[in-house]
$ cat input_15.cif   # mmCIF, C-alpha atoms
data_my_file
loop_
_atom_site.label_atom_id
_atom_site.label_comp_id
_atom_site.auth_asym_id
_atom_site.auth_seq_id
_atom_site.Cartn_x
_atom_site.Cartn_y
_atom_site.Cartn_z
CA MET A 1 80.53 92.14 79.41
CA THR A 2 84.10 92.74 78.32
CA ALA A 3 84.57 96.06 80.15
CA ILE A 4 83.28 97.62 83.37
CA ASP A 5 83.92 100.77 85.36
CA LEU A 6 84.90 100.51 89.02
CA ASN A 7 83.89 103.42 91.27
CA SER A 8 84.22 104.25 94.94
CA ASP A 9 83.24 107.00 97.39
CA VAL A 10 86.22 109.09 98.46
CA GLY A 11 86.98 112.48 99.99
CA GLU A 12 84.80 111.76 103.01
CA SER A 13 87.23 112.76 105.76
CA PHE A 14 86.56 115.95 107.70
CA GLY A 15 89.19 118.01 109.50
CA ARG A 16 91.23 115.73 111.73
CA TRP A 17 88.73 112.89 111.34
CA ARG A 18 89.84 110.36 108.73
CA LEU A 19 87.63 107.94 106.83
CA GLY A 20 88.96 105.41 104.37
CA ASP A 21 92.27 105.15 102.54
CA ASP A 22 91.69 107.37 99.54
CA GLU A 23 95.23 107.12 98.18
CA ALA A 24 95.07 103.31 98.04
CA MET A 25 91.53 103.29 96.63
CA LEU A 26 92.44 105.75 93.89
CA GLY A 27 95.10 103.31 92.75
CA LEU A 28 92.42 100.66 92.12
CA VAL A 29 89.29 102.37 90.78
CA THR A 30 88.64 104.13 87.49
CA SER A 31 86.01 106.60 88.73
CA ALA A 32 85.88 108.46 92.04
CA ASN A 33 82.68 109.71 93.66
CA VAL A 34 84.08 112.67 95.58
CA ALA A 35 82.12 114.19 98.47
CA CYS A 36 81.16 117.83 98.00
CA GLY A 37 81.15 119.11 101.59
CA PHE A 38 77.47 118.60 102.44
CA HIS A 39 77.47 115.02 103.76
CA ALA A 40 81.26 114.83 104.24
CA GLY A 41 84.51 116.43 103.19
CA ASP A 42 86.10 119.79 103.95
CA PRO A 43 87.86 122.09 101.44
CA SER A 44 91.35 120.77 102.16
CA THR A 45 90.18 117.16 101.90
CA LEU A 46 88.41 117.82 98.62
CA ARG A 47 91.38 119.63 97.13
CA ALA A 48 93.75 116.83 98.12
CA THR A 49 91.36 114.15 96.85
CA THR A 50 90.82 115.73 93.45
CA ALA A 51 94.57 116.21 93.07
CA ALA A 52 95.17 112.55 93.91
CA ALA A 53 92.50 111.48 91.43
CA ALA A 54 94.14 113.57 88.72
CA ARG A 55 97.57 112.05 89.48
CA ASN A 56 96.13 108.55 89.19
CA GLY A 57 94.19 109.23 85.99
CA VAL A 58 90.89 108.58 87.79
CA VAL A 59 87.71 110.27 86.53
CA VAL A 60 86.09 112.55 89.13
CA GLY A 61 82.37 112.51 89.81
CA ALA A 62 80.51 114.80 92.20
CA GLN A 63 78.83 112.85 94.97
CA VAL A 64 76.10 115.26 95.97
CA GLY A 65 74.09 114.73 99.13
CA TYR A 66 71.77 116.17 101.72
CA ARG A 67 73.12 118.95 103.93
CA ASP A 68 73.69 116.52 106.79
CA LEU A 69 77.25 116.32 108.11
CA ALA A 70 76.14 114.92 111.47
CA GLY A 71 74.27 112.06 109.84
CA PHE A 72 76.80 111.47 107.06
CA GLY A 73 74.01 112.10 104.57
CA ARG A 74 72.29 108.86 105.45
CA ARG A 75 69.11 110.42 106.86
CA PHE A 76 66.20 111.43 104.66
CA VAL A 77 65.64 115.18 104.49
CA ASP A 78 62.22 116.41 103.36
CA VAL A 79 63.61 119.30 101.36
CA ALA A 80 61.64 121.18 98.70
CA PRO A 81 62.72 120.30 95.15
CA ALA A 82 63.75 123.88 94.30
CA GLU A 83 65.95 124.08 97.41
CA LEU A 84 67.44 120.66 96.70
CA ALA A 85 68.27 121.72 93.14
CA ASP A 86 70.07 124.79 94.50
CA ASP A 87 72.00 122.62 96.95
CA VAL A 88 73.11 120.32 94.13
CA VAL A 89 74.26 123.21 91.92
CA TYR A 90 76.19 124.63 94.89
CA GLN A 91 77.95 121.32 95.49
CA LEU A 92 78.78 120.88 91.82
CA GLY A 93 80.35 124.30 91.64
CA ALA A 94 82.40 123.77 94.78
CA LEU A 95 83.87 120.46 93.69
CA ASP A 96 84.40 121.61 90.12
CA GLY A 97 86.46 124.51 91.44
CA MET A 98 88.75 122.09 93.31
CA CYS A 99 88.98 119.95 90.17
CA ARG A 100 90.02 122.90 88.02
CA VAL A 101 92.83 123.72 90.42
CA ALA A 102 93.96 120.08 90.25
CA GLY A 103 93.91 120.06 86.45
CA THR A 104 90.79 117.96 86.05
CA ARG A 105 87.00 118.45 85.94
CA VAL A 106 83.83 117.02 87.40
CA ARG A 107 82.78 114.50 84.73
CA TYR A 108 79.60 112.93 86.20
CA VAL A 109 77.20 113.13 89.15
CA LYS A 110 76.11 110.51 91.67
CA PRO A 111 73.87 111.16 94.69
CA HIS A 112 75.06 109.94 98.07
CA GLY A 113 73.43 107.85 100.77
CA ALA A 114 69.86 108.73 101.65
CA LEU A 115 69.56 111.04 98.66
CA TYR A 116 70.57 108.18 96.35
CA ASN A 117 68.00 105.85 97.88
CA THR A 118 65.28 108.51 97.97
CA ALA A 119 65.80 109.30 94.29
CA VAL A 120 65.02 105.67 93.47
CA HIS A 121 61.31 106.34 94.07
CA HIS A 122 60.81 110.03 94.96
CA GLU A 123 59.91 111.73 91.68
CA GLY A 124 60.22 115.26 93.11
CA GLN A 125 63.71 114.87 94.51
CA ALA A 126 64.89 112.83 91.52
CA GLY A 127 63.66 115.60 89.23
CA ALA A 128 65.41 118.23 91.33
CA ILE A 129 68.76 116.47 91.00
CA VAL A 130 68.33 116.15 87.25
CA ALA A 131 67.23 119.79 86.89
CA ALA A 132 70.33 120.95 88.76
CA VAL A 133 72.67 118.88 86.61
CA ARG A 134 70.93 119.99 83.43
CA ASP A 135 71.26 123.65 84.42
CA TYR A 136 74.89 123.30 85.49
CA ASP A 137 76.16 121.14 82.63
CA PRO A 138 73.81 118.94 80.56
CA GLY A 139 76.84 116.98 79.37
CA LEU A 140 77.32 115.41 82.81
CA PRO A 141 76.06 111.82 83.09
CA ILE A 142 74.15 110.73 86.22
CA LEU A 143 74.86 107.45 88.01
CA GLY A 144 71.98 105.71 89.73
CA LEU A 145 70.18 102.47 90.46
CA PRO A 146 68.77 100.71 87.39
CA GLY A 147 65.07 101.39 87.00
CA SER A 148 65.13 104.31 89.42
CA ALA A 149 63.12 107.51 89.16
CA LEU A 150 66.46 109.32 88.96
CA LEU A 151 67.61 107.55 85.81
CA ARG A 152 64.17 107.83 84.22
CA ALA A 153 64.19 111.58 84.85
CA ALA A 154 67.74 111.90 83.52
CA ASP A 155 66.84 110.05 80.36
CA ALA A 156 63.69 112.14 79.86
CA ALA A 157 65.76 115.32 80.22
CA GLY A 158 68.25 114.19 77.59
CA LEU A 159 71.04 113.48 80.07
CA ARG A 160 73.07 110.29 79.97
CA ALA A 161 71.67 107.88 82.55
CA VAL A 162 74.29 105.40 83.77
CA PRO A 163 73.08 102.35 85.74
CA GLU A 164 75.36 100.98 88.41
CA VAL A 165 75.59 97.87 90.56
CA PHE A 166 77.03 97.40 94.02
CA ALA A 167 79.78 94.99 94.96
CA ASP A 168 79.44 95.19 98.74
CA ARG A 169 75.73 95.83 99.29
CA GLY A 170 72.92 93.33 99.76
CA TYR A 171 70.03 93.26 97.30
CA THR A 172 66.35 92.71 97.97
CA PRO A 173 64.30 90.33 95.78
CA ASP A 174 63.11 93.34 93.73
CA ALA A 175 66.71 94.42 92.97
CA ALA A 176 66.74 97.33 95.44
CA LEU A 177 69.46 97.81 98.05
CA VAL A 178 68.84 96.33 101.49
CA PRO A 179 68.48 99.22 103.99
CA ARG A 180 71.58 99.61 106.13
CA SER A 181 69.45 99.11 109.25
CA GLU A 182 68.65 95.54 108.21
CA PRO A 183 70.74 92.33 108.28
CA GLY A 184 72.67 91.56 105.12
CA ALA A 185 72.89 95.18 104.01
CA VAL A 186 76.69 95.33 103.81
CA LEU A 187 79.10 92.57 102.80
CA HIS A 188 82.60 92.32 104.26
CA ASP A 189 84.31 89.24 102.76
CA PRO A 190 86.59 90.34 99.88
CA GLN A 191 86.44 87.00 98.11
CA GLU A 192 82.66 86.76 98.38
CA VAL A 193 82.35 90.29 97.04
CA ALA A 194 84.71 89.48 94.14
CA ARG A 195 82.69 86.38 93.23
CA ARG A 196 79.46 88.39 93.28
CA VAL A 197 80.91 91.01 90.95
CA LEU A 198 82.12 88.37 88.50
CA ARG A 199 78.64 86.84 88.44
CA ILE A 200 77.03 90.24 87.92
CA VAL A 201 79.37 91.01 85.03
CA SER A 202 79.21 87.57 83.40
CA GLU A 203 75.58 86.56 84.08
CA GLY A 204 73.77 89.79 84.96
CA VAL A 205 72.42 88.35 88.22
CA VAL A 206 73.13 88.56 91.95
CA ARG A 207 71.92 86.47 94.88
CA SER A 208 69.43 88.48 96.93
CA VAL A 209 68.99 88.27 100.71
CA SER A 210 66.01 85.97 100.11
CA GLY A 211 68.28 83.45 98.42
CA ALA A 212 66.77 84.04 94.99
CA ASP A 213 68.73 85.41 92.05
CA VAL A 214 67.72 88.82 90.72
CA THR A 215 68.70 90.55 87.50
CA VAL A 216 71.11 93.46 87.91
CA ARG A 217 73.00 95.15 85.12
CA GLY A 218 75.13 98.26 85.06
CA GLU A 219 77.96 100.12 83.42
CA SER A 220 79.78 100.70 86.71
CA VAL A 221 80.44 98.71 89.89
CA CYS A 222 80.60 100.54 93.23
CA VAL A 223 82.82 99.51 96.14
CA HIS A 224 82.18 101.74 99.15
CA GLY A 225 85.29 103.49 100.42
CA ASP A 226 84.04 103.76 104.01
CA SER A 227 83.39 100.04 104.56
CA PRO A 228 85.79 98.10 106.80
CA GLY A 229 88.36 96.44 104.54
CA ALA A 230 87.25 98.58 101.58
CA VAL A 231 90.68 98.60 99.94
CA GLU A 232 90.99 94.82 100.30
CA MET A 233 87.58 94.37 98.70
CA ALA A 234 88.39 96.71 95.83
CA ALA A 235 91.70 94.93 95.26
CA ALA A 236 89.96 91.54 95.22
CA VAL A 237 87.35 92.78 92.77
CA ARG A 238 89.99 94.32 90.52
CA ALA A 239 92.08 91.13 90.58
CA ALA A 240 89.06 88.96 89.82
CA LEU A 241 88.02 91.12 86.88
CA ASP A 242 91.56 91.25 85.52
CA GLY A 243 91.86 87.46 85.91
CA ALA A 244 88.61 86.93 84.00
CA GLY A 245 89.79 89.09 81.12
CA VAL A 246 87.35 91.91 81.87
CA THR A 247 88.76 95.36 81.10
CA VAL A 248 88.38 97.75 84.04
CA ALA A 249 87.91 101.17 82.47
CA ALA A 250 86.02 104.40 83.06
CA PHE A 251 82.52 104.47 81.56
CA LEU A 252 83.13 107.87 79.93
CA PRO A 253 84.52 107.80 76.37
CA GLY A 254 87.86 109.52 76.14
CA SER A 255 88.41 109.30 79.90
CA PRO A 256 91.74 108.10 81.30
CA GLY A 257 91.83 104.32 80.98
CA ALA A 258 88.69 104.13 78.82
CA PRO A 259 88.73 101.83 75.80
#
$ encode --input "input_15.cif" --output "structure tokens"
Amino acid sequence: MTAIDLNSDVGESFGRWRLGDDEAMLGLVTSANVACGFHAGDPSTLRATTAAAARNGVVVGAQVGYRDLAGFGRRFVDVAPAELADDVVYQLGALDGMCRVAGTRVRYVKPHGALYNTAVHHEGQAGAIVAAVRDYDPGLPILGLPGSALLRAADAAGLRAVPEVFADRGYTPDAALVPRSEPGAVLHDPQEVARRVLRIVSEGVVRSVSGADVTVRGESVCVHGDSPGAVEMAAAVRAALDGAGVTVAAFLPGSPGAP
């Protein structure tokens, strides 16, 4: 690959509680998955984050999640598909309003946390996310795990399905993400993470927790903004890609920084 998008989760602070260094991260990534107030983020945080993204020429995506502030959206919620679709539309509208004030727009959608992982295999919830996006704006792409029910549903509905890979997450032998409750789920060494990303981009493979290589391909690489040393990891990944001659650019044509 000669070009790749770099995305990160931002806007996840709440009130006086601060998570991550959004300003620094927005100087490194090309796409920002901004919380929408359900799993994290309050109105002032979201307004400031979308404004910072606009200043940095970073594309804004809505990171929709379960209504679970206490659990940071990392707990499965057995919500009916129709209710989940309403929740997603609500979140899209809220973040898009903040974007409009900042002079930008929501340009894509990515589920967060447990909702992201559930939509890998849960046809009902995957379909609800896609239905909400289709009803709100069918021009919005959806980011998800390659081969997931979410991306299959998006493709079937005529939406752009964008596969992504993860820089700082462990992979199982079947190319799924290692659950955060298990060893090897999250990586912390910036140089190791950078080497993994280069291998993903150049060879289309990553070393799984079993020690075997698995095929992983995507149009965007995610570096989590809430991980310890997240900015250092993103900087290492960006430097490694730049050094290898890989263009780091948003996956959306016509977006700031896109080829």
$ resolve_selection --input "input_15.cif" --expression "the PyMOL selection byres ((chain A and resi 234-237) around 8)" --output "PyMOL selection string"
chain A and resi 25+28-29+190-191+193-195+197+223+230-233+238-241
$ residues_around --input "input_15.cif" --residues "stretch 151-161 of chain A" --least-positions-apart "4" --cutoff "9 Å" --atoms "only C-alpha atoms" --output "list in words"
Ala119, Val120, Glu123, Ala126, Gly127, Ile129, Val130, Ala131, Val133, Arg134, Pro138, Gly139, Leu140, Pro141, Ile142, Leu143, Gly144, Leu145, Pro146 and Gly147 of chain A
$ resolve_selection --input "input_15.cif" --expression "the PyMOL selection byres ((chain A and resi 89-91) around 8)" --output "mmCIF file with C-alpha atoms, keeping the file's coordinate frame"
data_model
loop_
_atom_site.group_PDB
_atom_site.id
_atom_site.type_symbol
_atom_site.label_atom_id
_atom_site.label_comp_id
_atom_site.auth_asym_id
_atom_site.auth_seq_id
_atom_site.Cartn_x
_atom_site.Cartn_y
_atom_site.Cartn_z
ATOM 1 C CA CYS A 36 81.160 117.830 98.000
ATOM 2 C CA GLY A 37 81.150 119.110 101.590
ATOM 3 C CA PHE A 38 77.470 118.600 102.440
ATOM 4 C CA ALA A 62 80.510 114.800 92.200
ATOM 5 C CA VAL A 64 76.100 115.260 95.970
ATOM 6 C CA ALA A 85 68.270 121.720 93.140
ATOM 7 C CA ASP A 86 70.070 124.790 94.500
ATOM 8 C CA ASP A 87 72.000 122.620 96.950
ATOM 9 C CA VAL A 88 73.110 120.320 94.130
ATOM 10 C CA LEU A 92 78.780 120.880 91.820
ATOM 11 C CA GLY A 93 80.350 124.300 91.640
ATOM 12 C CA ALA A 94 82.400 123.770 94.780
ATOM 13 C CA LEU A 95 83.870 120.460 93.690
ATOM 14 C CA ALA A 132 70.330 120.950 88.760
ATOM 15 C CA VAL A 133 72.670 118.880 86.610
ATOM 16 C CA TYR A 136 74.890 123.300 85.490
#
$ closest_residue --input "input_15.cif" --among "A:Glu182, A:Asp168, A:Asp68, A:Asp174" --to "A:Pro228" --atoms "all atoms listed in the file"
A:Asp168
$ resolve_selection --input "input_15.cif" --expression "the PyMOL selection byres ((chain A and resi 176) around 12)" --output "PyMOL selection string"
chain A and resi 116-118+120-121+144-148+164-166+169-175+177-180+185+206+208-209+214-216
$ atom_distance --input "input_15.cif" --atom1 "atom CA of A:His39" --atom2 "atom CA of A:Val58"
21.8 Å
$ closest_residue --input "input_15.cif" --among "A:Met98, A:Val205, A:Ala32, A:Val248" --to "A:Leu46" --atoms "only C-alpha atoms"
A:Met98
$ residues_around --input "input_15.cif" --residues "stretch 5-15 of chain A" --least-positions-apart "6" --cutoff "8 Å" --atoms "all atoms listed in the file" --output "PyMOL selection string"
chain A and resi 22+25+29-35+40-42+45-46+49+63+219-226+248-251
$ atom_distance --input "input_15.cif" --atom1 "atom CA of A:Leu115" --atom2 "atom CA of A:Gly20"
21.0 Å
$ residues_around --input "input_15.cif" --residues "A:Ser202" --least-positions-apart "4" --cutoff "10 Å" --atoms "only C-alpha atoms" --output "PDB file with C-alpha atoms, in the frame of the given file"
ATOM      1  CA  MET A   1      80.530  92.140  79.410  1.00  0.00           C
ATOM      2  CA  THR A   2      84.100  92.740  78.320  1.00  0.00           C
ATOM      3  CA  ARG A 196      79.460  88.390  93.280  1.00  0.00           C
ATOM      4  CA  VAL A 197      80.910  91.010  90.950  1.00  0.00           C
ATOM      5  CA  LEU A 198      82.120  88.370  88.500  1.00  0.00           C
ATOM      6  CA  ARG A 217      73.000  95.150  85.120  1.00  0.00           C
ATOM      7  CA  ALA A 244      88.610  86.930  84.000  1.00  0.00           C
ATOM      8  CA  VAL A 246      87.350  91.910  81.870  1.00  0.00           C
TER       9      VAL A 246
END
$ closest_residue --input "input_15.cif" --among "A:Leu26, A:Ala80, A:Leu69, A:Ala3" --to "A:Asn56" --atoms "only C-alpha atoms"
A:Leu26
$ closest_residue --input "input_15.cif" --among "A:Gly103, A:Gly97, A:Gly71, A:Gly211" --to "A:Val59" --atoms "all atoms listed in the file"
A:Gly103
$ closest_residue --input "input_15.cif" --among "A:Val106, A:Ser181, A:Arg74, A:Arg67" --to "A:Ala53" --atoms "all atoms listed in the file"
A:Val106
$ atom_distance --input "input_15.cif" --atom1 "atom CA of A:Phe76" --atom2 "atom CA of A:Asp189"
28.7 Å
$ axis_aligned_box --input "input_15.cif" --around "stretch 238-254 of chain A" --padding-each-side "3 Å" --output "JSON"
{"center_x": 87.3, "center_y": 98.2, "center_z": 83.4, "size_x": 15.6, "size_y": 28.6, "size_z": 20.4}
$ closest_residue --input "input_15.cif" --among "A:Gly65, A:Val162, A:Val79, A:Ala149" --to "A:Leu252" --atoms "all atoms listed in the file"
A:Val162
